[in-house]
$ cat input27.txt   # compact mmCIF, C-alpha atoms
# COMPACT_ATOMS: atom_id res chain seq x y z
CA MET A 1 158.19 -45.33 -124.46
CA GLU A 2 156.54 -42.48 -126.36
CA LYS A 3 159.20 -42.71 -129.08
CA GLY A 4 158.57 -46.44 -129.41
CA LYS A 5 154.85 -45.84 -129.81
CA ARG A 6 155.47 -43.28 -132.54
CA LYS A 7 157.70 -45.72 -134.42
CA LYS A 8 155.10 -48.47 -134.12
CA ALA A 9 152.37 -46.12 -135.35
CA ALA A 10 154.54 -45.05 -138.29
CA ARG A 11 155.19 -48.69 -139.24
CA GLN A 12 151.46 -49.40 -139.06
CA MET A 13 150.72 -46.44 -141.34
CA VAL A 14 153.15 -47.82 -143.93
CA THR A 15 151.60 -51.28 -143.66
CA ASP A 16 148.09 -49.88 -144.04
CA TYR A 17 149.20 -47.85 -147.04
CA LEU A 18 150.72 -50.88 -148.80
CA VAL A 19 147.56 -52.91 -148.12
CA SER A 20 145.50 -50.06 -149.63
CA LEU A 21 147.78 -50.01 -152.68
CA GLU A 22 147.36 -53.76 -153.16
CA GLN A 23 143.58 -53.39 -152.96
CA HIS A 24 143.73 -50.46 -155.38
CA CYS A 25 145.64 -52.58 -157.93
CA GLU A 26 143.41 -55.60 -157.38
CA THR A 27 140.37 -53.44 -158.16
CA ALA A 28 141.94 -52.45 -161.49
CA GLN A 29 142.89 -56.06 -162.19
CA ARG A 30 139.25 -57.12 -161.83
CA VAL A 31 137.90 -54.68 -164.46
CA PRO A 32 136.44 -56.88 -167.24
CA ASP A 33 137.28 -54.54 -170.12
CA GLN A 34 139.71 -51.64 -169.69
CA LEU A 35 138.71 -50.33 -173.14
CA ALA A 36 134.99 -50.07 -172.34
CA ALA A 37 135.26 -46.35 -171.58
CA LEU A 38 137.79 -45.76 -174.37
CA ALA A 39 135.76 -46.54 -177.48
CA PRO A 40 137.78 -44.26 -179.83
CA PHE A 41 140.86 -46.38 -179.05
CA ARG A 42 139.29 -49.67 -180.14
CA THR A 43 140.49 -49.06 -183.69
CA TYR A 44 143.69 -47.84 -185.34
CA THR A 45 143.32 -46.64 -188.93
CA LYS A 46 146.45 -44.58 -189.58
CA ASN A 47 149.45 -45.14 -191.86
CA GLY A 48 147.73 -47.75 -194.00
CA CYS A 49 146.50 -49.80 -191.02
CA ASP A 50 142.98 -51.02 -190.34
CA LEU A 51 143.24 -52.60 -186.91
CA THR A 52 140.84 -53.54 -184.11
CA LEU A 53 141.74 -53.66 -180.41
CA ALA A 54 140.23 -55.88 -177.72
CA PHE A 55 140.93 -56.34 -174.00
CA LYS A 56 141.07 -59.81 -172.45
CA HIS A 57 142.08 -61.48 -169.20
CA ALA A 58 144.54 -64.34 -169.64
CA ASP A 59 141.94 -66.96 -168.76
CA GLN A 60 139.72 -65.65 -171.60
CA LEU A 61 142.32 -66.30 -174.31
CA THR A 62 141.74 -69.18 -176.68
CA GLN A 63 144.51 -71.67 -177.29
CA GLU A 64 144.86 -70.28 -180.82
CA GLU A 65 145.29 -66.75 -179.44
CA LYS A 66 147.90 -67.96 -176.97
CA LEU A 67 149.86 -69.63 -179.76
CA HIS A 68 149.77 -66.48 -181.92
CA ILE A 69 150.86 -64.32 -178.98
CA PHE A 70 153.70 -66.64 -178.05
CA GLU A 71 154.93 -67.09 -181.61
CA LEU A 72 155.10 -63.31 -182.08
CA THR A 73 157.01 -62.96 -178.81
CA GLU A 74 159.43 -65.74 -179.72
CA THR A 75 160.04 -64.26 -183.17
CA ASN A 76 160.75 -60.79 -181.77
CA MET A 77 162.49 -61.61 -178.49
CA LYS A 78 164.17 -65.02 -178.45
CA ALA A 79 167.51 -63.76 -179.82
CA LEU A 80 167.52 -60.84 -177.33
CA TYR A 81 166.88 -63.23 -174.43
CA GLU A 82 169.67 -65.51 -175.66
CA GLN A 83 172.07 -62.54 -175.53
CA SER A 84 171.02 -61.87 -171.92
CA ILE A 85 172.10 -63.59 -168.74
CA LEU A 86 168.44 -64.58 -168.39
CA GLY A 87 168.53 -66.85 -171.43
CA TRP A 88 165.48 -68.07 -173.31
CA HIS A 89 163.42 -70.63 -171.37
CA ARG A 90 160.33 -71.41 -173.39
CA GLN A 91 158.17 -73.01 -170.70
CA ASP A 92 159.00 -70.34 -168.10
CA LYS A 93 158.10 -67.62 -170.61
CA TRP A 94 154.84 -69.35 -171.48
CA ASP A 95 153.92 -69.65 -167.79
CA GLU A 96 154.67 -65.96 -167.19
CA MET A 97 152.73 -64.75 -170.20
CA PHE A 98 149.59 -66.75 -169.49
CA HIS A 99 149.55 -66.44 -165.71
CA TYR A 100 146.10 -65.80 -164.26
CA ASP A 101 147.05 -62.17 -163.47
CA ALA A 102 148.04 -61.30 -167.06
CA ARG A 103 145.87 -58.80 -168.91
CA TYR A 104 146.03 -58.29 -172.67
CA ILE A 105 145.21 -55.73 -175.32
CA LEU A 106 145.06 -57.66 -178.59
CA VAL A 107 145.45 -56.00 -181.97
CA THR A 108 144.00 -57.75 -185.01
CA ASP A 109 143.31 -56.91 -188.64
CA SER A 110 139.76 -55.57 -188.79
CA ASP A 111 138.83 -58.03 -191.55
CA ARG A 112 140.72 -60.98 -190.00
CA ARG A 113 139.86 -60.93 -186.31
CA ARG A 114 141.67 -64.19 -185.55
CA HIS A 115 145.06 -62.96 -186.74
CA ILE A 116 146.92 -61.14 -183.92
CA ARG A 117 149.25 -58.49 -185.33
CA ALA A 118 150.34 -56.88 -182.05
CA PHE A 119 149.60 -57.05 -178.34
CA VAL A 120 150.49 -55.73 -174.92
CA HIS A 121 150.63 -57.81 -171.75
CA VAL A 122 150.10 -55.73 -168.61
CA ARG A 123 149.35 -56.10 -164.91
CA PHE A 124 148.34 -53.64 -162.21
CA ILE A 125 150.82 -54.23 -159.40
CA VAL A 126 152.60 -52.61 -156.46
CA GLU A 127 156.26 -51.96 -157.29
CA ASP A 128 158.67 -50.04 -155.04
CA LYS A 129 155.70 -49.01 -152.82
CA GLN A 130 153.87 -47.45 -155.76
CA ASP A 131 150.77 -48.41 -157.71
CA VAL A 132 151.90 -49.21 -161.22
CA LEU A 133 150.59 -50.38 -164.57
CA TYR A 134 153.47 -52.66 -165.54
CA CYS A 135 153.94 -53.44 -169.23
CA TYR A 136 155.37 -56.96 -169.28
CA GLU A 137 155.37 -57.21 -173.06
CA ILE A 138 154.62 -55.08 -176.08
CA GLN A 139 155.08 -56.90 -179.37
CA VAL A 140 154.31 -55.69 -182.88
CA HIS A 141 154.52 -57.80 -186.05
CA SER A 142 157.37 -56.73 -188.34
CA GLY A 143 154.85 -55.87 -191.07
CA LEU A 144 153.49 -53.08 -188.85
CA HIS A 145 156.81 -51.55 -187.82
CA SER A 146 157.22 -47.80 -188.40
CA ARG A 147 153.47 -47.27 -188.67
CA GLY A 148 152.93 -45.78 -185.22
CA VAL A 149 151.33 -48.88 -183.71
CA GLY A 150 153.81 -49.21 -180.83
CA SER A 151 153.50 -45.54 -179.90
CA PHE A 152 149.70 -45.78 -180.07
CA LEU A 153 149.66 -48.78 -177.75
CA MET A 154 152.00 -47.21 -175.21
CA ARG A 155 149.98 -43.99 -175.12
CA LEU A 156 146.86 -46.08 -174.69
CA LEU A 157 148.48 -47.76 -171.69
CA GLU A 158 149.22 -44.35 -170.19
CA LEU A 159 145.55 -43.46 -170.62
CA VAL A 160 144.45 -46.74 -169.01
CA ALA A 161 146.81 -46.01 -166.12
CA PHE A 162 145.31 -42.52 -165.73
CA TYR A 163 141.72 -43.77 -165.70
CA ASN A 164 142.62 -46.35 -163.04
CA GLY A 165 144.44 -43.84 -160.84
CA MET A 166 147.88 -45.42 -161.22
CA SER A 167 151.04 -43.48 -160.38
CA LYS A 168 153.29 -44.82 -163.15
CA VAL A 169 153.64 -46.97 -166.21
CA MET A 170 156.69 -49.21 -165.86
CA LEU A 171 158.46 -51.63 -168.19
CA THR A 172 161.74 -53.52 -168.62
CA VAL A 173 164.26 -53.14 -171.46
CA PHE A 174 167.45 -55.12 -172.10
CA HIS A 175 170.64 -53.01 -172.12
CA HIS A 176 171.50 -54.44 -175.53
CA ASN A 177 168.08 -53.62 -177.03
CA ARG A 178 169.23 -50.17 -178.06
CA GLY A 179 166.41 -49.57 -180.52
CA ALA A 180 163.77 -50.12 -177.83
CA PHE A 181 165.71 -47.94 -175.37
CA ARG A 182 165.77 -45.06 -177.88
CA PHE A 183 162.08 -45.56 -178.62
CA TYR A 184 161.11 -45.24 -174.95
CA THR A 185 163.49 -42.44 -173.99
CA HIS A 186 163.44 -40.23 -177.09
CA LYS A 187 159.97 -40.77 -178.51
CA LEU A 188 157.86 -41.54 -175.44
CA LYS A 189 159.89 -39.68 -172.77
CA TYR A 190 160.40 -42.59 -170.38
CA ASP A 191 163.33 -42.54 -167.95
CA VAL A 192 165.34 -45.18 -166.13
CA ASP A 193 163.45 -45.60 -162.86
CA PRO A 194 165.20 -45.10 -159.48
CA PHE A 195 164.06 -48.67 -158.72
CA SER A 196 166.11 -50.01 -161.65
CA PRO A 197 168.93 -52.30 -160.48
CA PRO A 198 172.53 -51.08 -160.97
CA ILE A 199 174.29 -52.24 -164.13
CA SER A 200 176.34 -55.36 -163.39
CA GLU A 201 177.28 -58.74 -164.78
CA GLU A 202 174.23 -60.14 -163.00
CA CYS A 203 171.74 -57.64 -164.38
CA ASP A 204 171.52 -56.57 -168.01
CA TRP A 205 168.19 -54.78 -168.11
CA TYR A 206 166.72 -51.40 -167.20
CA ILE A 207 163.47 -50.75 -165.41
CA MET A 208 161.96 -47.69 -167.04
CA SER A 209 158.98 -45.59 -166.07
CA LYS A 210 156.84 -42.58 -166.81
CA PRO A 211 154.81 -40.78 -164.14
CA ILE A 212 151.10 -40.47 -164.77
CA LYS A 213 149.37 -37.24 -163.80
CA PRO A 214 146.82 -37.65 -160.97
CA ASN A 215 143.25 -38.32 -162.01
CA PRO A 216 141.13 -35.78 -160.07
CA ASN A 217 138.01 -37.87 -160.63
CA PHE A 218 139.46 -41.08 -159.24
CA PRO A 219 137.80 -42.00 -155.90
CA ARG A 220 139.73 -42.83 -152.74
CA LYS A 221 143.26 -42.86 -154.09
CA PRO A 222 145.61 -44.30 -151.39
CA VAL A 223 147.59 -41.53 -149.69
CA PRO A 224 151.27 -42.08 -148.76
CA PRO A 225 151.95 -41.93 -144.99
CA GLN A 226 154.11 -38.78 -145.23
CA LEU A 227 151.19 -36.92 -146.82
CA GLN A 228 148.71 -38.27 -144.26
CA ALA A 229 150.85 -36.84 -141.47
CA SER A 230 151.28 -33.41 -143.08

$ encode --input "input27.txt" --output "structure tokens"
Amino acid sequence: MEKGKRKKAARQMVTDYLVSLEQHCETAQRVPDQLAALAPFRTYTKNGCDLTLAFKHADQLTQEEKLHIFELTETNMKALYEQSILGWHRQDKWDEMFHYDARYILVTDSDRRRHIRAFVHVRFIVEDKQDVLYCYEIQVHSGLHSRGVGSFLMRLLELVAFYNGMSKVMLTVFHHNRGAFRFYTHKLKYDVDPFSPPISEECDWYIMSKPIKPNPNFPRKPVPPQLQAS
């Protein structure tokens, strides 16, 4: 009987922890502007660029912004999706990208604020029992390639994750997108995550991640059950 009670208590601790993680991520999701405390990162003026960054929830995007975002994604990614077992399904991709939970950092020319040159689509979620800032998309216009914009955006995401007390930044890369794989592993020091599915005919993508150092100033970070018991 005592053993059964211990097992039940352990299961309850795990459940409580996962609920706390969900609440932790929902709190981050509700933040109106993740760049409010990161003013120096609202502009990018290196390598011949003069860019402005803005944070928006999906339901704040204009129809024009949605079209620019989707066209850039289709230009950069359609062929890669068509090489994958996933295939390219335009309506499904649109629905994913502009779901209510989607959060965006938009990058525009400083003198042409309506013209989106790059963006990231992120969400704060629980993945593999961890609180994660998941990068669903990062897209950069071909005219800005090799100017450090992608690296800048990914490092900004790591900073956003740190300020929100997240454990990891995660993202997905197709096996056949070798350039992106090298970019994440060699330049940004991401690794294939233990949660990544095994390579098979039914799965042709990696889940990659990078741990984020704990933020000592973050209040009430959920504590895993094994640490609660120690």

$ atom_distance --input "input27.txt" --atom1 "atom CA of A:Arg90" --atom2 "atom CA of A:Cys135"
19.5 Å

$ atom_distance --input "input27.txt" --atom1 "atom CA of A:Phe195" --atom2 "atom CA of A:Leu159"
22.6 Å

$ closest_residue --input "input27.txt" --among "A:Asp16, A:Glu2, A:Glu71, A:Glu137" --to "A:Ile105" --atoms "all atoms listed in the file"
A:Glu137

$ atom_distance --input "input27.txt" --atom1 "atom CA of A:Cys203" --atom2 "atom CA of A:Met77"
17.3 Å

$ closest_residue --input "input27.txt" --among "A:His176, A:Arg220, A:Arg155, A:Arg11" --to "A:Ala79" --atoms "all atoms listed in the file"
A:His176

$ axis_aligned_box --input "input27.txt" --around "stretch 41-44 of chain A" --padding-each-side "6 Å" --output "lines of an AutoDock Vina configuration file"
center_x = 141.5
center_y = -48.0
center_z = -182.2
size_x = 16.4
size_y = 15.3
size_z = 18.3

$ closest_residue --input "input27.txt" --among "A:Gln60, A:Gln34, A:Thr45, A:Ser110" --to "A:Phe162" --atoms "all atoms listed in the file"
A:Gln34

$ residues_around --input "input27.txt" --residues "stretch 187-194 of chain A" --least-positions-apart "3" --cutoff "9 Å" --atoms "all atoms listed in the file" --output "list in words"
Ser151, Met154, Arg155, Met170, Arg182, Phe183, Tyr184, Pro197, Tyr206, Ile207, Met208, Ser209, Lys210 and Pro211 of chain A
